[in-house]
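K.L.:
If you scroll down you'll find the structure; I have some questions about it.
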Amino acid sequence: MESLLSSFKQVKVSRGFNYHYYFSPATSGKPTFLLIHGFPSLAIDWYNQITFLKARGYGLVVPDMLGYGGTDKPQEYTKYLHSLLAQDLVDILDHEEVVDAIAVGHDWGSRTNSSLAHLHADRFIGFGFFAVGYTAPNTSINYDELQTRMTQLIGYNPYGYWEFCASPDAAQVISNHIDSFWDLVHAKDTRTWRYNMCPPGAIRVFIESDSRTPRDPALDQLRRIHEKEFTKGGFSAPLNYYKVAISAEELEDSKQVPLENYTVQKPVYLGCTQRDEICVPVIAQTAASRFCPQATVQTFDTGHWVLMDVPDDANAALERWASSIVA
């Protein structure tokens, strides 16, 4: 994993922000994967996919997203609107002169990937989503209404923790109780999220009380890098993704997407996570059935961190789908 760090580069995008990203060129005839991480992750979290895809000749562009790792960390949350992040990623592809690209997102990276599908579909062969599926533009449903709708759909509110993550003191609370935070986010027992993240206020109680729970051993290899990078960069910038999620600006930003772009006409891969208590498969499957006519849907018997829990299965599925759309 450490050897990958020497292949990272820097580029200044059109907005003036510096992005830190992994790059490996494709061999002749192979497309390039743009891999987009979420919260609280880094480009290096894709290391299993990077090594697998590189060995098979695929190109790779894997950024530390805005607010993370070696990439700039503006504090104003409106800098993290997903349409703006999508343009940043296109700027990186332009810089590397990438033509044939497949964009794949996980967690909040899937939300940014959806904006790529909304606004830059012509630049991509297809779009892949893990855990979090394709998200159609939302122009009117605020955070309170979203929680109500999700409760009606799955029987409980999976997004109660957003309120804490968007609160002014969240970054400091996390830093003051960092072991509890990582225990919860990387919990070995996936049911932990249902009771300690989903209900409003529960995550704050868990973290501030220094509660502990065993961590998923699949993420042990990343622990030292995560601790180093998030100690250095903090959580204030990464938490802006949640401030955007509950903001009026997010609703307004979605209005720029033409109605005809709500449906993704390119091939879509959806890797659902059966034991994910927040990103419940039915949420992604419902959106895919409505907006993704060329969707390939697969469900993995794992929790949220599918790319590290079952990397061999996820990698094989991703390559199988990619091969089918470029043949």
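Residue numbering restarts at 1 for every chain of the structure tokens, chains are lettered A, B, ... in their displayed order, and ligands are numbered from 1 as they appear.
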Contacts of region 282-298 of chain A at 6 Å or less, counting only C-alpha atoms, minus same-chain residues fewer than 4 places along, as a ChimeraX atom specification?
P.N.:
/A:133,263-264,267-271
K.L.:
Write out as a PyMOL selection string each polymer residue whose atoms come within 9 Å of region 72-89 of chain A, counting only C-alpha atoms; drop sequence neighbours fewer than 2 positions from it.
P.N.:
chain A and resi 13-15+17-20+34+63+65-70+91-94+111-116+118-120+233+236-245+249-250+253-254
K.L.:
Region 55-128 of chain A: which residues are strand (DSSP E) by DSSP, as a PyMOL selection string?
P.N.:
chain A and resi 59-63+101-106+124-128
K.L.:
Leaving out Asp107 (chain A) and any residue of its chain fewer than 4 positions from it, which residues lie within 9 Å of it when counting only C-alpha atoms, given as a compact mmCIF listing (two decimals) with N, CA, C and O atoms, in the first residue's frame?
P.N.:
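Once written, out.txt looks like this:
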```txt
# COMPACT_ATOMS: atom_id res chain seq x y z
N ILE A 36 -13.87 7.48 -6.80
CA ILE A 36 -14.25 8.64 -5.99
C ILE A 36 -14.66 8.16 -4.59
O ILE A 36 -15.69 7.50 -4.42
N HIS A 37 -13.87 8.50 -3.59
CA HIS A 37 -14.15 8.03 -2.23
C HIS A 37 -15.16 8.92 -1.53
O HIS A 37 -15.55 9.99 -2.00
N GLY A 38 -15.59 8.46 -0.34
CA GLY A 38 -16.54 9.21 0.47
C GLY A 38 -16.00 9.55 1.84
O GLY A 38 -14.80 9.79 2.00
N PHE A 39 -16.86 9.53 2.85
CA PHE A 39 -16.52 9.93 4.22
C PHE A 39 -16.46 8.72 5.14
O PHE A 39 -17.35 7.87 5.08
N ARG A 111 -22.47 10.21 -4.63
CA ARG A 111 -23.27 11.42 -4.87
C ARG A 111 -22.57 12.32 -5.89
O ARG A 111 -23.22 12.86 -6.81
N PHE A 129 -21.45 2.44 -8.88
CA PHE A 129 -21.81 2.91 -7.54
C PHE A 129 -21.72 1.74 -6.56
O PHE A 129 -22.28 0.68 -6.81
N PHE A 130 -21.04 1.98 -5.44
CA PHE A 130 -20.98 0.99 -4.36
C PHE A 130 -21.61 1.57 -3.10
O PHE A 130 -21.33 2.70 -2.70
N ALA A 131 -22.46 0.78 -2.45
CA ALA A 131 -23.17 1.11 -1.20
C ALA A 131 -24.23 2.18 -1.45
O ALA A 131 -25.42 1.92 -1.32
N VAL A 132 -23.81 3.38 -1.77
CA VAL A 132 -24.74 4.44 -2.14
C VAL A 132 -24.96 4.38 -3.65
O VAL A 132 -24.00 4.35 -4.42
N GLY A 133 -26.21 4.38 -4.06
CA GLY A 133 -26.51 4.27 -5.48
C GLY A 133 -26.63 5.62 -6.17
O GLY A 133 -26.32 6.67 -5.59
N CYS A 279 -27.09 2.62 4.16
CA CYS A 279 -27.27 2.56 2.70
C CYS A 279 -27.98 1.26 2.35
O CYS A 279 -27.41 0.35 1.74
N HIS A 304 -21.05 -1.70 4.86
CA HIS A 304 -20.78 -0.52 4.05
C HIS A 304 -19.42 -0.56 3.37
O HIS A 304 -19.27 -0.09 2.24
```
K.L.:
Using only C-alpha atoms, determine which residues lie at most 12 Å from Phe300 (chain A), disregarding the query and same-chain residues fewer than 5 positions distant; provide the list as a ChimeraX atom specification.
P.N.:
/A:130-131,270-276,280-281,305-307,309-315,317
K.L.:
What does the distance from CA of Ser6 (chain A) to CA of Val104 (chain A) come to in Å, to one decimal?
P.N.:
22.7 Å
K.L.:
Separation of CA of Ser110 (chain A) and CA of Trp321 (chain A), in Å?
P.N.:
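If I compute the distance from CA of Ser110 (chain A) to CA of Trp321 (chain A), I get 17.1 Å.
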K.L.:
Mind checking which residues fall within 8 Å of Phe206 (chain A), counting only C-alpha atoms, ignoring those fewer than 4 positions away in the same chain, and posting them as a list in words?
P.N.:
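Residues meeting the cut-off are Ser180, Asn196, Ala202, Asp210 and Ser211 of chain A.
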K.L.:
Taking only residues of region 167-218 of chain A that have an atom at most 9 Å from an atom of region 159-163 of chain A, what is each one's shortest atom pair and its distance in Å to one decimal, using only C-alpha atoms, in chain and number order, as a tab-separated table?
P.N.:
```
residue	atom	partner	partner_atom	distance
A:Ser167	CA	A:Glu163	CA	6.2
A:Asn196	CA	A:Tyr161	CA	8.7
A:Met197	CA	A:Tyr161	CA	5.3
A:Cys198	CA	A:Gly160	CA	4.8
A:Pro199	CA	A:Gly160	CA	4.9
A:Pro200	CA	A:Gly160	CA	4.1
A:Gly201	CA	A:Tyr161	CA	6.8
A:Ala202	CA	A:Tyr161	CA	7.3
A:Ile203	CA	A:Tyr161	CA	6.2
A:Arg204	CA	A:Tyr161	CA	8.3
```
K.L.:
With a distance cut-off of 12 Å and only C-alpha atoms, select the neighbouring residues of region 52-56 of chain A, excluding the residue or stretch itself and same-chain residues fewer than 4 positions from it, and output the selection as an mmCIF file with all heavy atoms, in the first residue's frame.
P.N.:
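Here's the written file result_0.cif:
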```cif
data_model
loop_
_atom_site.group_PDB
_atom_site.id
_atom_site.type_symbol
_atom_site.label_atom_id
_atom_site.label_comp_id
_atom_site.auth_asym_id
_atom_site.auth_seq_id
_atom_site.Cartn_x
_atom_site.Cartn_y
_atom_site.Cartn_z
ATOM 1 N N LEU A 4 2.175 2.806 -3.272
ATOM 2 C CA LEU A 4 1.294 3.574 -4.152
ATOM 3 C C LEU A 4 1.451 5.074 -3.944
ATOM 4 O O LEU A 4 1.193 5.862 -4.856
ATOM 5 C CB LEU A 4 -0.167 3.183 -3.909
ATOM 6 C CG LEU A 4 -0.574 1.736 -4.199
ATOM 7 C CD1 LEU A 4 -2.044 1.536 -3.843
ATOM 8 C CD2 LEU A 4 -0.345 1.391 -5.666
ATOM 9 N N TYR A 22 -3.868 9.918 -7.272
ATOM 10 C CA TYR A 22 -3.090 8.821 -7.833
ATOM 11 C C TYR A 22 -3.374 8.742 -9.326
ATOM 12 O O TYR A 22 -4.524 8.854 -9.760
ATOM 13 C CB TYR A 22 -3.475 7.496 -7.170
ATOM 14 C CG TYR A 22 -2.780 6.295 -7.767
ATOM 15 C CD1 TYR A 22 -1.527 5.903 -7.315
ATOM 16 C CD2 TYR A 22 -3.371 5.564 -8.785
ATOM 17 C CE1 TYR A 22 -0.880 4.800 -7.869
ATOM 18 C CE2 TYR A 22 -2.736 4.471 -9.349
ATOM 19 C CZ TYR A 22 -1.484 4.095 -8.886
ATOM 20 O OH TYR A 22 -0.856 3.013 -9.442
ATOM 21 N N PHE A 23 -2.317 8.528 -10.104
ATOM 22 C CA PHE A 23 -2.508 8.389 -11.550
ATOM 23 C C PHE A 23 -1.655 7.246 -12.087
ATOM 24 O O PHE A 23 -0.489 7.089 -11.751
ATOM 25 C CB PHE A 23 -2.139 9.658 -12.295
ATOM 26 C CG PHE A 23 -2.242 9.517 -13.794
ATOM 27 C CD1 PHE A 23 -3.488 9.398 -14.405
ATOM 28 C CD2 PHE A 23 -1.101 9.466 -14.591
ATOM 29 C CE1 PHE A 23 -3.596 9.242 -15.779
ATOM 30 C CE2 PHE A 23 -1.201 9.310 -15.963
ATOM 31 C CZ PHE A 23 -2.447 9.198 -16.564
ATOM 32 N N SER A 24 -2.285 6.436 -12.942
ATOM 33 C CA SER A 24 -1.584 5.402 -13.697
ATOM 34 C C SER A 24 -2.233 5.344 -15.072
ATOM 35 O O SER A 24 -3.457 5.203 -15.173
ATOM 36 C CB SER A 24 -1.701 4.043 -12.990
ATOM 37 O OG SER A 24 -1.019 3.032 -13.729
ATOM 38 N N PRO A 25 -1.465 5.477 -16.145
ATOM 39 C CA PRO A 25 -2.059 5.500 -17.483
ATOM 40 C C PRO A 25 -2.552 4.133 -17.917
ATOM 41 O O PRO A 25 -2.040 3.095 -17.486
ATOM 42 C CB PRO A 25 -0.908 5.983 -18.368
ATOM 43 C CG PRO A 25 0.326 5.554 -17.638
ATOM 44 C CD PRO A 25 0.001 5.664 -16.173
ATOM 45 N N ALA A 26 -3.550 4.139 -18.782
ATOM 46 C CA ALA A 26 -4.083 2.893 -19.327
ATOM 47 C C ALA A 26 -3.183 2.348 -20.413
ATOM 48 O O ALA A 26 -2.473 3.094 -21.093
ATOM 49 C CB ALA A 26 -5.481 3.133 -19.889
ATOM 50 N N THR A 27 -3.195 1.031 -20.568
ATOM 51 C CA THR A 27 -2.539 0.434 -21.722
ATOM 52 C C THR A 27 -3.480 0.546 -22.915
ATOM 53 O O THR A 27 -4.654 0.876 -22.767
ATOM 54 C CB THR A 27 -2.191 -1.036 -21.458
ATOM 55 O OG1 THR A 27 -3.399 -1.761 -21.154
ATOM 56 C CG2 THR A 27 -1.239 -1.158 -20.279
ATOM 57 N N SER A 28 -2.985 0.286 -24.087
ATOM 58 C CA SER A 28 -3.748 0.480 -25.312
ATOM 59 C C SER A 28 -5.081 -0.263 -25.280
ATOM 60 O O SER A 28 -5.138 -1.460 -24.984
ATOM 61 C CB SER A 28 -2.933 -0.005 -26.522
ATOM 62 O OG SER A 28 -3.654 0.162 -27.718
ATOM 63 N N GLY A 29 -6.148 0.487 -25.566
ATOM 64 C CA GLY A 29 -7.468 -0.124 -25.667
ATOM 65 C C GLY A 29 -8.238 -0.237 -24.374
ATOM 66 O O GLY A 29 -9.414 -0.617 -24.383
ATOM 67 N N LYS A 30 -7.622 0.093 -23.251
ATOM 68 C CA LYS A 30 -8.289 -0.021 -21.957
ATOM 69 C C LYS A 30 -8.806 1.347 -21.501
ATOM 70 O O LYS A 30 -8.151 2.373 -21.713
ATOM 71 C CB LYS A 30 -7.328 -0.563 -20.899
ATOM 72 C CG LYS A 30 -6.896 -2.002 -21.117
ATOM 73 C CD LYS A 30 -7.962 -2.971 -20.630
ATOM 74 C CE LYS A 30 -7.428 -4.395 -20.617
ATOM 75 N NZ LYS A 30 -8.396 -5.351 -20.052
ATOM 76 N N PRO A 31 -9.962 1.388 -20.866
ATOM 77 C CA PRO A 31 -10.453 2.652 -20.310
ATOM 78 C C PRO A 31 -9.749 2.993 -18.997
ATOM 79 O O PRO A 31 -9.004 2.177 -18.436
ATOM 80 C CB PRO A 31 -11.940 2.377 -20.076
ATOM 81 C CG PRO A 31 -11.994 0.910 -19.800
ATOM 82 C CD PRO A 31 -10.928 0.288 -20.673
ATOM 83 N N THR A 32 -10.007 4.194 -18.519
ATOM 84 C CA THR A 32 -9.460 4.670 -17.248
ATOM 85 C C THR A 32 -10.573 4.761 -16.211
ATOM 86 O O THR A 32 -11.640 5.308 -16.487
ATOM 87 C CB THR A 32 -8.802 6.050 -17.423
ATOM 88 O OG1 THR A 32 -7.639 5.913 -18.247
ATOM 89 C CG2 THR A 32 -8.393 6.653 -16.086
ATOM 90 N N PHE A 33 -10.310 4.229 -15.025
ATOM 91 C CA PHE A 33 -11.257 4.322 -13.920
ATOM 92 C C PHE A 33 -10.985 5.584 -13.106
ATOM 93 O O PHE A 33 -9.848 5.836 -12.697
ATOM 94 C CB PHE A 33 -11.143 3.107 -12.998
ATOM 95 C CG PHE A 33 -11.879 1.900 -13.481
ATOM 96 C CD1 PHE A 33 -11.264 0.966 -14.296
ATOM 97 C CD2 PHE A 33 -13.204 1.698 -13.116
ATOM 98 C CE1 PHE A 33 -11.946 -0.158 -14.742
ATOM 99 C CE2 PHE A 33 -13.896 0.578 -13.552
ATOM 100 C CZ PHE A 33 -13.272 -0.349 -14.375
ATOM 101 N N LEU A 34 -12.028 6.365 -12.896
ATOM 102 C CA LEU A 34 -12.008 7.468 -11.953
ATOM 103 C C LEU A 34 -12.696 6.959 -10.691
ATOM 104 O O LEU A 34 -13.897 6.669 -10.708
ATOM 105 C CB LEU A 34 -12.757 8.673 -12.521
ATOM 106 C CG LEU A 34 -13.041 9.840 -11.559
ATOM 107 C CD1 LEU A 34 -11.741 10.489 -11.086
ATOM 108 C CD2 LEU A 34 -13.951 10.875 -12.227
ATOM 109 N N LEU A 35 -11.946 6.811 -9.603
ATOM 110 C CA LEU A 35 -12.465 6.243 -8.358
ATOM 111 C C LEU A 35 -12.649 7.355 -7.332
ATOM 112 O O LEU A 35 -11.694 8.071 -7.010
ATOM 113 C CB LEU A 35 -11.518 5.164 -7.827
ATOM 114 C CG LEU A 35 -11.191 4.024 -8.807
ATOM 115 C CD1 LEU A 35 -10.216 3.025 -8.154
ATOM 116 C CD2 LEU A 35 -12.459 3.310 -9.271
ATOM 117 N N TRP A 46 -8.918 2.953 -1.851
ATOM 118 C CA TRP A 46 -9.168 2.157 -3.049
ATOM 119 C C TRP A 46 -7.985 1.242 -3.404
ATOM 120 O O TRP A 46 -7.936 0.721 -4.511
ATOM 121 C CB TRP A 46 -9.433 3.074 -4.238
ATOM 122 C CG TRP A 46 -10.684 3.889 -4.208
ATOM 123 C CD1 TRP A 46 -10.807 5.183 -3.790
ATOM 124 C CD2 TRP A 46 -11.990 3.489 -4.648
ATOM 125 N NE1 TRP A 46 -12.111 5.607 -3.950
ATOM 126 C CE2 TRP A 46 -12.853 4.594 -4.468
ATOM 127 C CE3 TRP A 46 -12.505 2.298 -5.196
ATOM 128 C CZ2 TRP A 46 -14.214 4.558 -4.804
ATOM 129 C CZ3 TRP A 46 -13.859 2.263 -5.515
ATOM 130 C CH2 TRP A 46 -14.696 3.373 -5.323
ATOM 131 N N TYR A 47 -7.053 1.041 -2.484
ATOM 132 C CA TYR A 47 -5.822 0.346 -2.848
ATOM 133 C C TYR A 47 -6.056 -1.042 -3.427
ATOM 134 O O TYR A 47 -5.344 -1.483 -4.344
ATOM 135 C CB TYR A 47 -4.854 0.286 -1.668
ATOM 136 C CG TYR A 47 -5.248 -0.653 -0.548
ATOM 137 C CD1 TYR A 47 -4.772 -1.959 -0.503
ATOM 138 C CD2 TYR A 47 -6.066 -0.227 0.487
ATOM 139 C CE1 TYR A 47 -5.130 -2.813 0.530
ATOM 140 C CE2 TYR A 47 -6.432 -1.077 1.513
ATOM 141 C CZ TYR A 47 -5.963 -2.362 1.528
ATOM 142 O OH TYR A 47 -6.327 -3.206 2.545
ATOM 143 N N ASN A 48 -7.066 -1.765 -2.924
ATOM 144 C CA ASN A 48 -7.350 -3.095 -3.483
ATOM 145 C C ASN A 48 -7.782 -3.005 -4.944
ATOM 146 O O ASN A 48 -7.417 -3.851 -5.763
ATOM 147 C CB ASN A 48 -8.459 -3.786 -2.680
ATOM 148 C CG ASN A 48 -7.979 -4.296 -1.343
ATOM 149 O OD1 ASN A 48 -6.958 -4.972 -1.263
ATOM 150 N ND2 ASN A 48 -8.706 -3.971 -0.284
ATOM 151 N N LEU A 60 -5.982 4.670 -14.179
ATOM 152 C CA LEU A 60 -6.546 5.029 -12.877
ATOM 153 C C LEU A 60 -6.316 6.507 -12.563
ATOM 154 O O LEU A 60 -5.195 7.002 -12.705
ATOM 155 C CB LEU A 60 -5.925 4.175 -11.776
ATOM 156 C CG LEU A 60 -6.357 2.700 -11.792
ATOM 157 C CD1 LEU A 60 -5.263 1.809 -11.247
ATOM 158 C CD2 LEU A 60 -7.650 2.527 -11.008
ATOM 159 N N VAL A 61 -7.370 7.166 -12.164
ATOM 160 C CA VAL A 61 -7.308 8.504 -11.581
ATOM 161 C C VAL A 61 -8.075 8.411 -10.267
ATOM 162 O O VAL A 61 -9.284 8.158 -10.269
ATOM 163 C CB VAL A 61 -7.940 9.571 -12.495
ATOM 164 C CG1 VAL A 61 -8.006 10.910 -11.771
ATOM 165 C CG2 VAL A 61 -7.154 9.705 -13.791
ATOM 166 N N VAL A 62 -7.363 8.576 -9.152
ATOM 167 C CA VAL A 62 -7.972 8.350 -7.833
ATOM 168 C C VAL A 62 -7.610 9.522 -6.920
ATOM 169 O O VAL A 62 -6.527 9.551 -6.338
ATOM 170 C CB VAL A 62 -7.495 7.020 -7.213
ATOM 171 C CG1 VAL A 62 -8.350 6.670 -6.002
ATOM 172 C CG2 VAL A 62 -7.502 5.896 -8.238
ATOM 173 N N LEU A 307 -15.666 -2.588 -0.383
ATOM 174 C CA LEU A 307 -14.450 -2.601 -1.197
ATOM 175 C C LEU A 307 -13.246 -3.130 -0.432
ATOM 176 O O LEU A 307 -12.267 -3.563 -1.042
ATOM 177 C CB LEU A 307 -14.165 -1.187 -1.714
ATOM 178 C CG LEU A 307 -15.276 -0.634 -2.617
ATOM 179 C CD1 LEU A 307 -15.164 0.869 -2.755
ATOM 180 C CD2 LEU A 307 -15.243 -1.305 -3.983
ATOM 181 N N PRO A 311 -12.856 -7.545 -1.204
ATOM 182 C CA PRO A 311 -12.229 -6.918 -2.373
ATOM 183 C C PRO A 311 -12.178 -7.814 -3.600
ATOM 184 O O PRO A 311 -12.351 -7.330 -4.729
ATOM 185 C CB PRO A 311 -10.827 -6.556 -1.877
ATOM 186 C CG PRO A 311 -10.580 -7.475 -0.719
ATOM 187 C CD PRO A 311 -11.913 -7.644 -0.072
ATOM 188 N N ASP A 312 -11.935 -9.103 -3.402
ATOM 189 C CA ASP A 312 -11.850 -10.001 -4.562
ATOM 190 C C ASP A 312 -13.181 -10.065 -5.300
ATOM 191 O O ASP A 312 -13.230 -10.006 -6.538
ATOM 192 C CB ASP A 312 -11.418 -11.399 -4.125
ATOM 193 C CG ASP A 312 -9.993 -11.443 -3.603
ATOM 194 O OD1 ASP A 312 -9.236 -10.485 -3.855
ATOM 195 O OD2 ASP A 312 -9.639 -12.422 -2.922
ATOM 196 N N ASP A 313 -14.269 -10.182 -4.542
ATOM 197 C CA ASP A 313 -15.594 -10.242 -5.158
ATOM 198 C C ASP A 313 -15.943 -8.917 -5.833
ATOM 199 O O ASP A 313 -16.469 -8.889 -6.957
ATOM 200 C CB ASP A 313 -16.656 -10.567 -4.106
ATOM 201 C CG ASP A 313 -16.508 -11.970 -3.541
ATOM 202 O OD1 ASP A 313 -15.835 -12.792 -4.178
ATOM 203 O OD2 ASP A 313 -17.069 -12.229 -2.462
ATOM 204 N N ALA A 314 -15.665 -7.809 -5.159
ATOM 205 C CA ALA A 314 -15.987 -6.496 -5.714
ATOM 206 C C ALA A 314 -15.158 -6.215 -6.962
ATOM 207 O O ALA A 314 -15.676 -5.699 -7.964
ATOM 208 C CB ALA A 314 -15.753 -5.416 -4.665
ATOM 209 N N ASN A 315 -13.884 -6.556 -6.916
ATOM 210 C CA ASN A 315 -13.013 -6.316 -8.067
ATOM 211 C C ASN A 315 -13.444 -7.134 -9.276
ATOM 212 O O ASN A 315 -13.494 -6.627 -10.405
ATOM 213 C CB ASN A 315 -11.564 -6.654 -7.717
ATOM 214 C CG ASN A 315 -10.961 -5.702 -6.709
ATOM 215 O OD1 ASN A 315 -11.489 -4.616 -6.468
ATOM 216 N ND2 ASN A 315 -9.853 -6.100 -6.111
ATOM 217 N N ALA A 316 -13.737 -8.393 -9.043
ATOM 218 C CA ALA A 316 -14.156 -9.268 -10.146
ATOM 219 C C ALA A 316 -15.453 -8.772 -10.770
ATOM 220 O O ALA A 316 -15.610 -8.762 -11.999
ATOM 221 C CB ALA A 316 -14.313 -10.701 -9.646
ATOM 222 N N ALA A 317 -16.384 -8.339 -9.917
ATOM 223 C CA ALA A 317 -17.662 -7.841 -10.423
ATOM 224 C C ALA A 317 -17.472 -6.568 -11.224
ATOM 225 O O ALA A 317 -18.074 -6.386 -12.298
ATOM 226 C CB ALA A 317 -18.614 -7.592 -9.257
ATOM 227 N N LEU A 318 -16.614 -5.694 -10.746
ATOM 228 C CA LEU A 318 -16.359 -4.429 -11.432
ATOM 229 C C LEU A 318 -15.713 -4.663 -12.792
ATOM 230 O O LEU A 318 -16.118 -4.064 -13.794
ATOM 231 C CB LEU A 318 -15.479 -3.542 -10.555
ATOM 232 C CG LEU A 318 -15.322 -2.083 -10.970
ATOM 233 C CD1 LEU A 318 -16.665 -1.382 -11.040
ATOM 234 C CD2 LEU A 318 -14.386 -1.367 -9.991
ATOM 235 N N GLU A 319 -14.717 -5.549 -12.831
ATOM 236 C CA GLU A 319 -14.062 -5.817 -14.121
ATOM 237 C C GLU A 319 -15.011 -6.525 -15.087
ATOM 238 O O GLU A 319 -15.014 -6.227 -16.296
ATOM 239 C CB GLU A 319 -12.802 -6.648 -13.930
ATOM 240 C CG GLU A 319 -12.050 -6.773 -15.253
ATOM 241 C CD GLU A 319 -10.909 -7.764 -15.237
ATOM 242 O OE1 GLU A 319 -10.945 -8.699 -14.425
ATOM 243 O OE2 GLU A 319 -9.991 -7.612 -16.058
ATOM 244 N N ARG A 320 -15.813 -7.432 -14.575
ATOM 245 C CA ARG A 320 -16.767 -8.131 -15.432
ATOM 246 C C ARG A 320 -17.734 -7.151 -16.089
ATOM 247 O O ARG A 320 -18.014 -7.229 -17.291
ATOM 248 C CB ARG A 320 -17.515 -9.173 -14.595
ATOM 249 C CG ARG A 320 -18.388 -10.117 -15.399
ATOM 250 C CD ARG A 320 -18.750 -11.354 -14.584
ATOM 251 N NE ARG A 320 -19.304 -11.030 -13.283
ATOM 252 C CZ ARG A 320 -18.702 -11.292 -12.126
ATOM 253 N NH1 ARG A 320 -17.514 -11.871 -12.098
ATOM 254 N NH2 ARG A 320 -19.283 -10.964 -10.976
ATOM 255 N N ALA A 322 -17.215 -3.830 -16.448
ATOM 256 C CA ALA A 322 -16.452 -2.922 -17.324
ATOM 257 C C ALA A 322 -16.168 -3.594 -18.676
ATOM 258 O O ALA A 322 -16.288 -2.973 -19.735
ATOM 259 C CB ALA A 322 -15.161 -2.499 -16.661
ATOM 260 N N SER A 323 -15.797 -4.860 -18.629
ATOM 261 C CA SER A 323 -15.511 -5.593 -19.875
ATOM 262 C C SER A 323 -16.748 -5.690 -20.754
ATOM 263 O O SER A 323 -16.669 -5.625 -21.992
ATOM 264 C CB SER A 323 -14.996 -6.993 -19.549
ATOM 265 O OG SER A 323 -13.774 -6.934 -18.833
#
```
K.L.:
Write out as a ChimeraX atom specification the residues lying within 12 Å of Arg223 (chain A), counting only C-alpha atoms and excluding same-chain residues fewer than 5 positions away.
P.N.:
/A:40-42,44-45,179,182-183,186,215-218,228-231
K.L.:
Those same residues - N, CA, C and O atoms - I'd like them written as a CSV table (one decimal), in the first residue's frame.
P.N.:
```
chain,number,residue,atom,x,y,z
A,40,PRO,N,-15.5,8.7,6.0
A,40,PRO,CA,-14.3,9.5,6.1
A,40,PRO,C,-13.1,8.6,5.5
A,40,PRO,O,-12.5,7.8,6.2
A,41,SER,N,-12.8,8.9,4.3
A,41,SER,CA,-11.9,8.0,3.5
A,41,SER,C,-10.9,8.8,2.8
A,41,SER,O,-10.9,10.1,2.9
A,42,LEU,N,-10.0,8.2,2.1
A,42,LEU,CA,-9.0,8.8,1.3
A,42,LEU,C,-8.8,8.0,0.0
A,42,LEU,O,-9.4,6.9,-0.2
A,44,ILE,N,-6.4,6.4,-1.0
A,44,ILE,CA,-5.7,5.2,-0.7
A,44,ILE,C,-6.6,4.1,-0.3
A,44,ILE,O,-6.3,2.9,-0.3
A,45,ASP,N,-7.8,4.4,0.2
A,45,ASP,CA,-8.8,3.4,0.5
A,45,ASP,C,-9.2,2.5,-0.6
A,45,ASP,O,-9.7,1.4,-0.4
A,179,ASP,N,-11.1,7.8,19.2
A,179,ASP,CA,-11.2,6.3,19.2
A,179,ASP,C,-12.6,5.8,19.1
A,179,ASP,O,-12.9,4.9,18.4
A,182,TRP,N,-13.8,6.3,15.4
A,182,TRP,CA,-13.3,5.3,14.4
A,182,TRP,C,-14.0,4.0,14.7
A,182,TRP,O,-14.3,3.2,13.8
A,183,ASP,N,-14.1,3.6,16.0
A,183,ASP,CA,-14.8,2.4,16.4
A,183,ASP,C,-16.2,2.3,15.7
A,183,ASP,O,-16.6,1.3,15.2
A,186,HIS,N,-16.1,2.3,11.7
A,186,HIS,CA,-15.6,1.1,11.2
A,186,HIS,C,-16.0,-0.1,12.0
A,186,HIS,O,-15.3,-1.1,12.2
A,215,ARG,N,-13.6,-3.1,16.0
A,215,ARG,CA,-13.6,-2.6,14.6
A,215,ARG,C,-13.5,-3.7,13.6
A,215,ARG,O,-13.0,-4.8,13.9
A,216,ASP,N,-13.9,-3.4,12.4
A,216,ASP,CA,-13.8,-4.3,11.3
A,216,ASP,C,-12.3,-4.5,10.9
A,216,ASP,O,-11.6,-3.6,10.6
A,217,PRO,N,-11.8,-5.7,11.1
A,217,PRO,CA,-10.4,-6.0,10.8
A,217,PRO,C,-9.9,-5.7,9.4
A,217,PRO,O,-8.7,-5.5,9.2
A,218,ALA,N,-10.9,-5.7,8.5
A,218,ALA,CA,-10.5,-5.5,7.1
A,218,ALA,C,-9.9,-4.1,6.9
A,218,ALA,O,-9.2,-3.8,5.9
A,228,LYS,N,-2.9,9.3,10.7
A,228,LYS,CA,-2.0,10.3,10.4
A,228,LYS,C,-2.6,11.5,9.6
A,228,LYS,O,-2.5,12.7,9.9
A,229,GLU,N,-3.4,11.1,8.5
A,229,GLU,CA,-3.9,12.2,7.7
A,229,GLU,C,-5.1,13.0,8.3
A,229,GLU,O,-5.1,14.2,8.2
A,230,PHE,N,-5.9,12.3,9.1
A,230,PHE,CA,-7.0,13.0,9.7
A,230,PHE,C,-6.5,13.8,11.0
A,230,PHE,O,-7.1,14.8,11.4
A,231,THR,N,-5.4,13.3,11.6
A,231,THR,CA,-4.9,14.1,12.7
A,231,THR,C,-4.3,15.4,12.1
A,231,THR,O,-4.4,16.5,12.7
```
